[in-house]
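What follows is data_11.csv (CSV, C-alpha atoms and all ligand atoms).
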chain,number,residue,atom,x,y,z
A,1342,MET,CA,21.9,-8.5,7.0
A,1343,GLN,CA,19.9,-5.6,5.7
A,1344,THR,CA,16.6,-4.9,7.4
A,1345,ARG,CA,13.7,-3.6,5.4
A,1346,ALA,CA,10.8,-2.1,7.2
A,1347,VAL,CA,7.3,-1.3,5.9
A,1348,TYR,CA,5.4,1.6,7.3
A,1349,PRO,CA,1.7,1.1,6.2
A,1350,GLY,CA,-1.2,3.5,6.6
A,1351,SER,CA,-3.8,5.6,5.0
A,1352,PHE,CA,-1.8,8.9,5.1
A,1353,ASP,CA,-4.9,11.0,4.1
A,1354,PRO,CA,-3.0,13.3,4.2
A,1355,VAL,CA,0.5,12.8,5.6
A,1356,THR,CA,1.2,14.9,8.7
A,1357,ASN,CA,4.4,16.1,10.4
A,1358,GLY,CA,3.8,13.3,12.9
A,1359,HIS,CA,4.1,10.7,10.1
A,1360,ILE,CA,7.2,12.4,8.8
A,1361,ASP,CA,8.8,12.4,12.2
A,1362,LEU,CA,8.2,8.7,12.5
A,1363,ILE,CA,9.5,8.0,9.0
A,1364,GLU,CA,12.7,10.0,9.9
A,1365,ARG,CA,13.1,8.0,13.1
A,1366,SER,CA,12.6,4.7,11.2
A,1367,ALA,CA,15.0,5.7,8.4
A,1368,ALA,CA,17.7,6.1,11.0
A,1369,LEU,CA,17.0,2.6,12.4
A,1370,PHE,CA,16.4,0.4,9.4
A,1371,ASP,CA,18.3,0.0,6.1
A,1372,LYS,CA,15.3,0.6,4.0
A,1373,VAL,CA,11.9,2.0,4.8
A,1374,VAL,CA,8.9,1.4,2.4
A,1375,VAL,CA,6.0,3.7,3.1
A,1376,ALA,CA,3.0,1.8,1.9
A,1377,ILE,CA,-0.4,3.5,1.3
A,1378,LEU,CA,-3.4,1.1,1.5
A,1379,ARG,CA,-5.6,1.2,-1.5
A,1380,ASN,CA,-8.9,0.7,0.3
A,1381,ALA,CA,-12.1,0.5,-1.7
A,1382,ASP,CA,-14.2,0.8,1.5
A,1383,LYS,CA,-13.1,4.2,2.5
A,1384,THR,CA,-13.7,7.5,0.8
A,1385,PRO,CA,-10.5,9.4,1.1
A,1386,LEU,CA,-10.0,13.1,0.6
A,1387,PHE,CA,-6.9,12.6,-1.5
A,1388,THR,CA,-6.4,9.9,-4.2
A,1389,VAL,CA,-3.7,7.4,-3.7
A,1390,GLU,CA,-1.7,9.1,-6.4
A,1391,GLU,CA,-2.0,12.5,-4.6
A,1392,ARG,CA,-0.9,10.8,-1.3
A,1393,VAL,CA,2.1,9.2,-3.0
A,1394,GLU,CA,3.1,12.6,-4.4
A,1395,MET,CA,2.8,14.3,-1.1
A,1396,LEU,CA,4.8,11.6,0.7
A,1397,GLU,CA,7.5,11.5,-1.9
A,1398,LEU,CA,8.0,15.3,-1.7
A,1399,ALA,CA,8.0,15.2,2.1
A,1400,THR,CA,10.6,12.4,2.3
A,1401,ARG,CA,12.9,13.3,-0.6
A,1402,HIS,CA,15.7,14.2,1.9
A,1403,LEU,CA,15.7,10.5,3.1
A,1404,GLU,CA,17.7,8.3,0.7
A,1405,ASN,CA,16.6,5.0,2.1
A,1406,VAL,CA,12.8,5.8,2.0
A,1407,THR,CA,10.5,4.8,-0.9
A,1408,VAL,CA,6.7,5.4,-1.2
A,1409,THR,CA,4.3,2.9,-2.7
A,1410,SER,CA,0.7,1.7,-2.4
A,1411,PHE,CA,-0.6,-1.8,-1.8
A,1412,THR,CA,-3.8,-3.9,-1.8
A,1413,GLY,CA,-4.7,-7.0,0.1
A,1414,LEU,CA,-3.2,-8.3,3.3
A,1415,LEU,CA,-0.3,-6.2,4.8
A,1416,VAL,CA,1.7,-9.3,5.7
A,1417,ASP,CA,1.4,-10.6,2.1
A,1418,TYR,CA,2.7,-7.3,0.8
A,1419,ALA,CA,5.5,-7.2,3.4
A,1420,THR,CA,6.5,-10.8,2.4
A,1421,ARG,CA,6.5,-9.8,-1.3
A,1422,ILE,CA,8.8,-6.8,-0.8
A,1423,GLU,CA,11.0,-8.8,1.7
A,1424,ALA,CA,10.2,-6.6,4.7
A,1425,SER,CA,10.7,-8.3,8.0
A,1426,VAL,CA,9.4,-5.3,10.1
A,1427,ILE,CA,6.1,-3.5,10.2
A,1428,ILE,CA,6.3,0.0,11.7
A,1429,ARG,CA,3.3,1.5,13.5
A,1430,GLY,CA,3.2,4.7,15.5
A,1431,ILE,CA,1.6,4.9,18.9
A,1432,ARG,CA,0.6,8.4,20.0
A,1433,ALA,CA,-1.4,7.7,23.2
A,1434,ILE,CA,-2.7,4.8,25.1
A,1435,SER,CA,-5.9,5.0,23.2
A,1436,ASP,CA,-4.1,3.8,20.1
A,1437,TYR,CA,-2.7,0.8,21.9
A,1438,GLU,CA,-5.8,-1.5,21.8
A,1439,TYR,CA,-6.3,-1.4,18.1
A,1440,GLU,CA,-2.6,-1.6,17.4
A,1441,LEU,CA,-2.1,-4.6,19.7
A,1442,GLN,CA,-5.0,-6.4,18.0
A,1443,MET,CA,-3.6,-5.7,14.5
A,1444,ALA,CA,0.0,-6.6,15.5
A,1445,LEU,CA,-1.1,-9.9,17.1
A,1446,MET,CA,-3.3,-10.8,14.1
A,1447,ASN,CA,-0.5,-10.0,11.7
A,1448,ARG,CA,1.9,-12.2,13.8
A,1449,ARG,CA,-0.6,-15.0,13.6
A,1450,LEU,CA,-0.8,-14.6,9.8
A,1451,SER,CA,3.0,-14.4,9.5
A,1452,SER,CA,5.2,-15.3,12.4
A,1453,THR,CA,8.4,-14.1,10.8
A,1454,ILE,CA,7.3,-10.4,10.5
A,1455,GLU,CA,7.7,-8.3,13.7
A,1456,THR,CA,5.7,-5.2,14.4
A,1457,VAL,CA,7.7,-2.4,15.9
A,1458,PHE,CA,5.9,0.4,17.7
A,1459,MET,CA,7.4,3.8,17.6
A,1460,LEU,CA,6.6,7.1,19.4
A,1461,PRO,CA,6.4,10.4,17.5
A,1462,ALA,CA,7.8,13.5,19.1
A,1463,GLU,CA,5.6,14.8,21.9
A,1464,ALA,CA,4.7,17.9,19.9
A,1465,TYR,CA,2.8,15.6,17.4
A,1466,SER,CA,1.3,13.2,19.9
A,1467,TYR,CA,-2.2,14.8,19.5
A,1468,LEU,CA,-2.0,15.0,15.7
A,1469,SER,CA,-4.2,12.9,13.3
A,1470,SER,CA,-5.0,13.2,9.6
A,1471,LYS,CA,-8.7,13.2,10.6
A,1472,LEU,CA,-8.3,16.3,12.8
A,1473,ILE,CA,-6.1,18.0,10.3
A,1474,LYS,CA,-8.9,17.6,7.6
A,1475,GLU,CA,-11.5,18.9,10.0
A,1476,ILE,CA,-9.5,22.0,11.0
A,1477,ALA,CA,-8.5,22.8,7.4
A,1478,GLN,CA,-12.2,22.5,6.3
A,1479,LEU,CA,-13.3,24.8,9.0
A,1480,GLY,CA,-10.7,27.4,8.3
A,1481,GLY,CA,-8.4,26.9,11.3
A,1482,SER,CA,-4.6,27.1,11.1
A,1483,ILE,CA,-2.7,23.9,10.5
A,1484,ASP,CA,0.7,25.7,10.2
A,1485,GLY,CA,3.6,23.6,11.4
A,1486,LEU,CA,1.4,20.4,11.6
A,1487,VAL,CA,1.7,19.3,8.0
A,1488,PRO,CA,4.3,19.9,5.2
A,1489,GLU,CA,3.7,23.2,3.3
A,1490,ASP,CA,2.7,21.4,0.1
A,1491,VAL,CA,0.0,19.4,2.1
A,1492,ARG,CA,-1.3,22.7,3.6
A,1493,LYS,CA,-1.7,24.2,0.2
A,1494,ARG,CA,-3.4,21.1,-1.3
A,1495,LEU,CA,-5.8,21.0,1.6
A,1496,ALA,CA,-6.6,24.7,1.1
A,1497,GLY,CA,-7.2,23.9,-2.6
A,1498,LYS,CA,-9.5,20.9,-1.8
A,1499,PHE,CA,-11.7,22.9,0.5
A,1500,LYS,CA,-11.9,25.9,-1.7
A,1501,GLN,CA,-13.3,23.7,-4.5
A,1502,LYS,CA,-16.2,22.5,-2.3
B,1,LIG,O1,-3.3,4.5,9.0
B,1,LIG,P1,-4.4,3.4,9.2
B,1,LIG,O2,-5.6,3.7,8.4
B,1,LIG,O3,-4.6,3.2,10.7
B,1,LIG,O4,-3.7,2.0,8.7
B,1,LIG,C1,-4.3,0.8,8.8
B,1,LIG,C2,-3.6,-0.3,8.0
B,1,LIG,C3,-3.4,0.1,6.5
B,1,LIG,C4,-2.2,-0.5,8.6
B,1,LIG,C5,-4.5,-1.6,8.1
B,1,LIG,O5,-5.8,-1.3,7.7
B,1,LIG,C6,-4.0,-2.7,7.1
B,1,LIG,O6,-2.9,-3.2,7.3
B,1,LIG,N1,-4.8,-3.0,6.1
B,1,LIG,C7,-4.4,-4.0,5.1
B,1,LIG,C8,-5.3,-5.2,5.2
B,1,LIG,C9,-4.9,-6.2,6.3
B,1,LIG,O7,-3.8,-6.7,6.3
B,1,LIG,N2,-5.8,-6.4,7.3
B,1,LIG,C10,-5.5,-7.2,8.5
B,1,LIG,C11,-4.8,-6.4,9.6
B,1,LIG,S1,-4.6,-7.4,11.0

Can I see the file as structure tokens?
Amino acid sequence: MQTRAVYPGSFDPVTNGHIDLIERSAALFDKVVVAILRNADKTPLFTVEERVEMLELATRHLENVTVTSFTGLLVDYATRIEASVIIRGIRAISDYEYELQMALMNRRLSSTIETVFMLPAEAYSYLSSKLIKEIAQLGGSIDGLVPEDVRKRLAGKFKQK
């Protein structure tokens, strides 16, 4: 049986920590669908289309990975694309409480979909999209923390402002 996994998130923007997790997932599951939430409540730095482009470029070496976006409940989307696994990354214990809450709620909503928690490489355990944006905006170096394409796009965004 082929196992399809969905890796949901905001990815605003994708970091090397996300890429590390996608590579690990691609080695474990037959197909990995990276799914960007289209969230009307948040004001993201990058549009969903820009985020799809950045993720597609960063994962083009992985044949069993696709990038999409979704709206509505994650479990409904997972059911629609026949994914039986939700992948979430846990960096530190501080992530755990929120992740546990979401995983248990998702299990309540759909008992057939399992959440699998994965750990990124230690080198990325302190990395977040939020910090990346802050450092880029304030002119600090984010070399080696995001793909080169993302670094350039961030520089472009903050130059415009
Ligand atoms: O990277 P993020 O922002 O922490 O990802 C959060 C995400 C997209 C996984 C979560 O907000 C989500 O699944 N949203 C879709 C709506 C939904 O299903 N909500 C109930 C979650 S229990």

Go ahead and compute the interatomic distance for atom CA of Tyr1467 of chain A and atom CA of Ile1454 of chain A, in Å to one decimal.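 Atom CA of Ile1454 of chain A lies 28.4 Å from atom CA of Tyr1467 of chain A.
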
Give as a list in words each residue that has an atom at most 9 Å from (-1.1, 10.8, -1.1) in the file, counting only C-alpha atoms.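 Residues with an atom close enough to that point: Ser1351, Phe1352, Asp1353, Pro1354, Val1355, Ile1377, Phe1387, Thr1388, Val1389, Glu1390, Glu1391, Arg1392, Val1393, Glu1394, Met1395, Leu1396 and Glu1397 of chain A.
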
Give me the residues of chain A that have any atom at most 12 Å from an atom of ligand LIG 1 (chain B); for each, the nearest atom pair and the distance in Å, rounded to one decimal. Use all atoms listed in the file, sort by chain and number, and format it as a Markdown table.
| residue | atom | partner | partner_atom | distance |
| --- | --- | --- | --- | --- |
| A:Val1347 | CA | B:LIG1 | C4 | 9.9 |
| A:Tyr1348 | CA | B:LIG1 | C4 | 8.0 |
| A:Pro1349 | CA | B:LIG1 | C4 | 4.9 |
| A:Gly1350 | CA | B:LIG1 | O1 | 3.3 |
| A:Ser1351 | CA | B:LIG1 | O1 | 4.2 |
| A:Phe1352 | CA | B:LIG1 | O1 | 6.1 |
| A:Asp1353 | CA | B:LIG1 | O1 | 8.3 |
| A:Pro1354 | CA | B:LIG1 | O1 | 10.0 |
| A:Val1355 | CA | B:LIG1 | O1 | 9.7 |
| A:Thr1356 | CA | B:LIG1 | O1 | 11.3 |
| A:Gly1358 | CA | B:LIG1 | O1 | 12.0 |
| A:His1359 | CA | B:LIG1 | O1 | 9.7 |
| A:Val1375 | CA | B:LIG1 | C3 | 10.6 |
| A:Ala1376 | CA | B:LIG1 | C3 | 8.1 |
| A:Ile1377 | CA | B:LIG1 | C3 | 6.9 |
| A:Leu1378 | CA | B:LIG1 | C3 | 5.1 |
| A:Arg1379 | CA | B:LIG1 | C3 | 8.4 |
| A:Asn1380 | CA | B:LIG1 | N1 | 8.0 |
| A:Ala1381 | CA | B:LIG1 | C7 | 11.2 |
| A:Asp1382 | CA | B:LIG1 | O5 | 10.6 |
| A:Lys1383 | CA | B:LIG1 | O2 | 9.6 |
| A:Thr1384 | CA | B:LIG1 | O2 | 11.7 |
| A:Pro1385 | CA | B:LIG1 | O2 | 10.5 |
| A:Ser1410 | CA | B:LIG1 | C3 | 9.9 |
| A:Phe1411 | CA | B:LIG1 | C7 | 8.2 |
| A:Thr1412 | CA | B:LIG1 | C7 | 6.9 |
| A:Gly1413 | CA | B:LIG1 | C8 | 5.4 |
| A:Leu1414 | CA | B:LIG1 | O7 | 3.5 |
| A:Leu1415 | CA | B:LIG1 | O7 | 3.8 |
| A:Val1416 | CA | B:LIG1 | O7 | 6.1 |
| A:Asp1417 | CA | B:LIG1 | O7 | 7.7 |
| A:Tyr1418 | CA | B:LIG1 | O7 | 8.5 |
| A:Ala1419 | CA | B:LIG1 | O7 | 9.8 |
| A:Thr1420 | CA | B:LIG1 | O7 | 11.8 |
| A:Ile1427 | CA | B:LIG1 | C4 | 9.0 |
| A:Ile1428 | CA | B:LIG1 | C4 | 9.1 |
| A:Arg1429 | CA | B:LIG1 | C4 | 7.6 |
| A:Gly1430 | CA | B:LIG1 | O1 | 9.2 |
| A:Ile1431 | CA | B:LIG1 | O3 | 10.4 |
| A:Arg1432 | CA | B:LIG1 | O3 | 11.9 |
| A:Asp1436 | CA | B:LIG1 | O3 | 9.4 |
| A:Tyr1437 | CA | B:LIG1 | O3 | 11.6 |
| A:Tyr1439 | CA | B:LIG1 | O3 | 8.9 |
| A:Glu1440 | CA | B:LIG1 | O3 | 8.5 |
| A:Leu1441 | CA | B:LIG1 | S1 | 9.5 |
| A:Gln1442 | CA | B:LIG1 | S1 | 7.1 |
| A:Met1443 | CA | B:LIG1 | S1 | 4.0 |
| A:Ala1444 | CA | B:LIG1 | S1 | 6.5 |
| A:Leu1445 | CA | B:LIG1 | S1 | 7.5 |
| A:Met1446 | CA | B:LIG1 | S1 | 4.8 |
| A:Asn1447 | CA | B:LIG1 | S1 | 4.9 |
| A:Arg1448 | CA | B:LIG1 | S1 | 8.6 |
| A:Arg1449 | CA | B:LIG1 | S1 | 9.0 |
| A:Leu1450 | CA | B:LIG1 | S1 | 8.2 |
| A:Ser1451 | CA | B:LIG1 | S1 | 10.4 |
| A:Thr1456 | CA | B:LIG1 | C4 | 10.9 |
| A:Ser1469 | CA | B:LIG1 | O1 | 9.5 |
| A:Ser1470 | CA | B:LIG1 | O1 | 8.9 |
| A:Lys1471 | CA | B:LIG1 | O2 | 10.2 |

Only C-alpha atoms, please: the residues just picked out, written as a compact mmCIF listing (two decimals), keeping the file's coordinate frame.
# COMPACT_ATOMS: atom_id res chain seq x y z
CA VAL A 1347 7.30 -1.30 5.90
CA TYR A 1348 5.40 1.60 7.30
CA PRO A 1349 1.70 1.10 6.20
CA GLY A 1350 -1.20 3.50 6.60
CA SER A 1351 -3.80 5.60 5.00
CA PHE A 1352 -1.80 8.90 5.10
CA ASP A 1353 -4.90 11.00 4.10
CA PRO A 1354 -3.00 13.30 4.20
CA VAL A 1355 0.50 12.80 5.60
CA THR A 1356 1.20 14.90 8.70
CA GLY A 1358 3.80 13.30 12.90
CA HIS A 1359 4.10 10.70 10.10
CA VAL A 1375 6.00 3.70 3.10
CA ALA A 1376 3.00 1.80 1.90
CA ILE A 1377 -0.40 3.50 1.30
CA LEU A 1378 -3.40 1.10 1.50
CA ARG A 1379 -5.60 1.20 -1.50
CA ASN A 1380 -8.90 0.70 0.30
CA ALA A 1381 -12.10 0.50 -1.70
CA ASP A 1382 -14.20 0.80 1.50
CA LYS A 1383 -13.10 4.20 2.50
CA THR A 1384 -13.70 7.50 0.80
CA PRO A 1385 -10.50 9.40 1.10
CA SER A 1410 0.70 1.70 -2.40
CA PHE A 1411 -0.60 -1.80 -1.80
CA THR A 1412 -3.80 -3.90 -1.80
CA GLY A 1413 -4.70 -7.00 0.10
CA LEU A 1414 -3.20 -8.30 3.30
CA LEU A 1415 -0.30 -6.20 4.80
CA VAL A 1416 1.70 -9.30 5.70
CA ASP A 1417 1.40 -10.60 2.10
CA TYR A 1418 2.70 -7.30 0.80
CA ALA A 1419 5.50 -7.20 3.40
CA THR A 1420 6.50 -10.80 2.40
CA ILE A 1427 6.10 -3.50 10.20
CA ILE A 1428 6.30 0.00 11.70
CA ARG A 1429 3.30 1.50 13.50
CA GLY A 1430 3.20 4.70 15.50
CA ILE A 1431 1.60 4.90 18.90
CA ARG A 1432 0.60 8.40 20.00
CA ASP A 1436 -4.10 3.80 20.10
CA TYR A 1437 -2.70 0.80 21.90
CA TYR A 1439 -6.30 -1.40 18.10
CA GLU A 1440 -2.60 -1.60 17.40
CA LEU A 1441 -2.10 -4.60 19.70
CA GLN A 1442 -5.00 -6.40 18.00
CA MET A 1443 -3.60 -5.70 14.50
CA ALA A 1444 0.00 -6.60 15.50
CA LEU A 1445 -1.10 -9.90 17.10
CA MET A 1446 -3.30 -10.80 14.10
CA ASN A 1447 -0.50 -10.00 11.70
CA ARG A 1448 1.90 -12.20 13.80
CA ARG A 1449 -0.60 -15.00 13.60
CA LEU A 1450 -0.80 -14.60 9.80
CA SER A 1451 3.00 -14.40 9.50
CA THR A 1456 5.70 -5.20 14.40
CA SER A 1469 -4.20 12.90 13.30
CA SER A 1470 -5.00 13.20 9.60
CA LYS A 1471 -8.70 13.20 10.60

In Å, rounded to a single decimal, give me how far atom CA of Pro1461 of chain A is from atom CA of Leu1362 of chain A.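 Spanning atom CA of Leu1362 of chain A to atom CA of Pro1461 of chain A is a straight-line distance of 5.6 Å.
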
Expressed in Å to a single decimal, how great is the separation between atom CA of Thr1344 of chain A and atom CA of Arg1421 of chain A?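 If I compute the distance from atom CA of Thr1344 of chain A to atom CA of Arg1421 of chain A, I get 14.2 Å.
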
Hey, could you make a per-residue contact list for segment 1368-1405 of chain A against segment 1472-1494 of chain A with 9 Å as the cut-off, showing the nearest pair of atoms and its distance in Å to one decimal, counting all atoms listed in the file, sorted by chain and number, as CSV?
residue,atom,partner,partner_atom,distance
A:Leu1386,CA,A:Lys1474,CA,8.4
A:Met1395,CA,A:Val1491,CA,6.6
A:Leu1398,CA,A:Asp1490,CA,8.3
A:Ala1399,CA,A:Pro1488,CA,6.7
